[in-house]
file model37.pdb (PDB, C-alpha atoms and all ligand atoms)
ATOM      1  CA  MET C   1      48.264  52.098 -40.550  1.00  0.00           C
ATOM      2  CA  LYS C   2      45.663  51.040 -37.990  1.00  0.00           C
ATOM      3  CA  LYS C   3      43.075  50.730 -40.710  1.00  0.00           C
ATOM      4  CA  CYS C   4      45.440  48.560 -42.630  1.00  0.00           C
ATOM      5  CA  SER C   5      46.020  46.070 -39.825  1.00  0.00           C
ATOM      6  CA  LYS C   6      42.273  45.781 -39.245  1.00  0.00           C
ATOM      7  CA  GLU C   7      41.840  44.837 -42.868  1.00  0.00           C
ATOM      8  CA  LYS C   8      44.580  42.299 -42.521  1.00  0.00           C
ATOM      9  CA  LYS C   9      42.859  40.767 -39.528  1.00  0.00           C
ATOM     10  CA  GLN C  10      39.576  40.471 -41.380  1.00  0.00           C
ATOM     11  CA  LYS C  11      41.337  38.927 -44.332  1.00  0.00           C
ATOM     12  CA  ALA C  12      43.024  36.388 -42.059  1.00  0.00           C
ATOM     13  CA  GLN C  13      39.690  35.479 -40.495  1.00  0.00           C
ATOM     14  CA  ARG C  14      38.181  34.937 -43.918  1.00  0.00           C
ATOM     15  CA  LEU C  15      41.127  32.774 -44.915  1.00  0.00           C
ATOM     16  CA  ALA C  16      40.828  30.780 -41.701  1.00  0.00           C
ATOM     17  CA  GLN C  17      37.226  29.983 -42.546  1.00  0.00           C
ATOM     18  CA  VAL C  18      38.239  28.715 -45.938  1.00  0.00           C
ATOM     19  CA  HIS C  19      41.061  26.710 -44.404  1.00  0.00           C
ATOM     20  CA  HIS C  20      38.732  25.220 -41.873  1.00  0.00           C
ATOM     21  CA  LYS C  21      36.637  23.727 -44.658  1.00  0.00           C
ATOM     22  CA  ASP C  22      39.821  22.499 -46.283  1.00  0.00           C
ATOM     23  CA  LEU C  23      40.732  20.525 -43.164  1.00  0.00           C
ATOM     24  CA  TYR C  24      38.480  17.766 -44.372  1.00  0.00           C
ATOM     25  CA  LYS C  25      40.324  17.600 -47.636  1.00  0.00           C
ATOM     26  CA  PRO C  26      43.385  15.344 -47.454  1.00  0.00           C
ATOM     27  CA  HIS C  27      46.439  15.943 -49.587  1.00  0.00           C
ATOM     28  CA  PHE C  28      46.726  12.417 -50.822  1.00  0.00           C
ATOM     29  CA  CYS C  29      44.522  10.128 -52.851  1.00  0.00           C
ATOM     30  CA  GLU C  30      42.323   7.660 -50.932  1.00  0.00           C
ATOM     31  CA  ILE C  31      42.822   4.975 -53.557  1.00  0.00           C
ATOM     32  CA  CYS C  32      46.466   5.094 -54.660  1.00  0.00           C
ATOM     33  CA  LYS C  33      47.661   6.935 -51.502  1.00  0.00           C
ATOM     34  CA  PHE C  34      49.943   9.142 -53.520  1.00  0.00           C
ATOM     35  CA  PRO C  35      50.319  12.712 -52.349  1.00  0.00           C
ATOM     36  CA  LYS C  36      48.510  14.359 -55.199  1.00  0.00           C
ATOM     37  CA  GLN C  37      45.962  17.036 -55.668  1.00  0.00           C
ATOM     38  CA  VAL C  38      42.615  15.415 -54.986  1.00  0.00           C
ATOM     39  CA  VAL C  39      39.081  15.994 -56.175  1.00  0.00           C
ATOM     40  CA  GLY C  40      35.890  15.326 -54.273  1.00  0.00           C
ATOM     41  CA  HIS C  41      34.018  12.343 -55.644  1.00  0.00           C
ATOM     42  CA  HIS C  42      30.471  11.482 -54.688  1.00  0.00           C
ATOM     43  CA  GLU C  43      29.703   7.799 -54.695  1.00  0.00           C
ATOM     44  CA  ASN C  44      26.097   8.436 -53.960  1.00  0.00           C
ATOM     45  CA  TYR C  45      24.485  11.686 -54.935  1.00  0.00           C
ATOM     46  CA  ASP C  46      21.728  11.013 -52.416  1.00  0.00           C
ATOM     47  CA  LYS C  47      24.402  11.504 -49.760  1.00  0.00           C
ATOM     48  CA  PRO C  48      25.993  14.808 -50.730  1.00  0.00           C
ATOM     49  CA  LEU C  49      28.011  14.955 -47.509  1.00  0.00           C
ATOM     50  CA  GLU C  50      29.814  11.700 -48.224  1.00  0.00           C
ATOM     51  CA  VAL C  51      32.763  12.773 -50.301  1.00  0.00           C
ATOM     52  CA  ARG C  52      35.722  10.585 -51.223  1.00  0.00           C
ATOM     53  CA  TRP C  53      38.973  12.413 -51.952  1.00  0.00           C
ATOM     54  CA  ILE C  54      40.786  10.871 -54.867  1.00  0.00           C
ATOM     55  CA  CYS C  55      43.277  12.044 -57.480  1.00  0.00           C
ATOM     56  CA  HIS C  56      42.373  12.859 -61.050  1.00  0.00           C
ATOM     57  CA  SER C  57      43.661   9.622 -62.564  1.00  0.00           C
ATOM     58  CA  CYS C  58      41.885   7.418 -59.999  1.00  0.00           C
ATOM     59  CA  HIS C  59      38.773   9.519 -60.374  1.00  0.00           C
ATOM     60  CA  LYS C  60      38.725   9.002 -64.115  1.00  0.00           C
ATOM     61  CA  LEU C  61      39.219   5.242 -63.707  1.00  0.00           C
ATOM     62  CA  THR C  62      36.549   5.009 -61.011  1.00  0.00           C
ATOM     63  CA  HIS C  63      34.035   6.502 -63.399  1.00  0.00           C
ATOM     64  CA  ASN C  64      35.255   4.566 -66.432  1.00  0.00           C
ATOM     65  CA  LEU C  65      35.040   1.245 -64.585  1.00  0.00           C
ATOM     66  CA  GLU C  66      31.926   2.288 -62.630  1.00  0.00           C
ATOM     67  CA  LYS C  67      33.402   0.991 -59.379  1.00  0.00           C
ATOM     68  CA  THR C  68      33.215   2.267 -55.840  1.00  0.00           C
ATOM     69  CA  VAL C  69      36.291   3.627 -54.075  1.00  0.00           C
ATOM     70  CA  GLU C  70      36.534   0.425 -52.003  1.00  0.00           C
ATOM     71  CA  GLU C  71      36.387  -1.694 -55.160  1.00  0.00           C
ATOM     72  CA  MET C  72      39.020   0.486 -56.803  1.00  0.00           C
ATOM     73  CA  LYS C  73      41.595   0.159 -54.022  1.00  0.00           C
ATOM     74  CA  PRO C  74      42.728  -3.429 -54.810  1.00  0.00           C
ATOM     75  CA  ILE C  75      42.627  -2.709 -58.542  1.00  0.00           C
ATOM     76  CA  ILE C  76      44.901   0.304 -58.271  1.00  0.00           C
ATOM     77  CA  ARG C  77      47.228  -1.051 -55.594  1.00  0.00           C
ATOM     78  CA  GLY C  78      47.494  -4.559 -57.011  1.00  0.00           C
ATOM     79  CA  ASP C  79      49.682  -5.586 -59.916  1.00  0.00           C
ATOM     80  CA  TYR C  80      48.732  -2.863 -62.204  1.00  0.00           C
TER      81      TYR C  80
HETATM   82 ZN    ZN A 101      44.886   8.151 -56.943  1.00  0.00          ZN
HETATM   83 ZN    ZN A 102      33.343  11.393 -59.409  1.00  0.00          ZN
END

call {"tool": "encode", "arguments": {"input": "model37.pdb", "output": "structure tokens", "more": "lines below"}}
Ligand SMILES: [Zn+2]
Ligand SMILES: [Zn+2]
result
Amino acid sequence: MKKCSKEKKQKAQRLAQVHHKDLYKPHFCEICKFPKQVVGHHENYDKPLEVRWICHSCHKLTHNLEKTVEEMKPIIRGDY
């Protein structure tokens, strides 16, 4: 039993590490603000740490229209 709880503790610590990384990941899209599953989008691959979190549909549009996240916001939120 003792062995078992030690394993559990280690597992929890591992999970906490993963969760810690996930703290930076919001649960809503930066562009449409809907609570959706988001993907990390790099606007500039020279800045790999700058990640924008946007949903799949906004992500697709951002690439199709070749716009930045800031440029996409009024397009998505306006009369669309
Ligand atoms: Zn979106
Ligand atoms: Zn992208």

call {"tool": "atom_distance", "arguments": {"input": "model37.pdb", "atom1": "atom CA of Arg14 of chain C", "atom2": "atom CA of Val39 of chain C"}}
result
22.6 Å

call {"tool": "closest_residue", "arguments": {"input": "model37.pdb", "among": "C:Ile31, C:Ile76, C:Lys8, C:Tyr24", "to": "Leu49 of chain C", "atoms": "only C-alpha atoms"}}
result
C:Tyr24

call {"tool": "atom_distance", "arguments": {"input": "model37.pdb", "atom1": "atom CA of Gln37 of chain C", "atom2": "atom CA of His56 of chain C"}}
result
7.7 Å

call {"tool": "residues_near_ligand", "arguments": {"input": "model37.pdb", "ligand": "ligand ZN 101 (chain A)", "cutoff": "6 Å", "atoms": "all atoms listed in the file", "output": "number ranges by chain"}}
result
C: 29, 31-32, 54-55, 57-58

call {"tool": "residues_near_ligand", "arguments": {"input": "model37.pdb", "ligand": "ligand ZN 102 (chain A)", "cutoff": "12 Å", "atoms": "only C-alpha atoms and all ligand atoms", "output": "NGL selection string"}}
result
:C and (38-45 or 48 or 50-69)

call {"tool": "atom_distance", "arguments": {"input": "model37.pdb", "atom1": "atom CA of Glu71 of chain C", "atom2": "atom CA of Lys36 of chain C"}}
result
20.1 Å
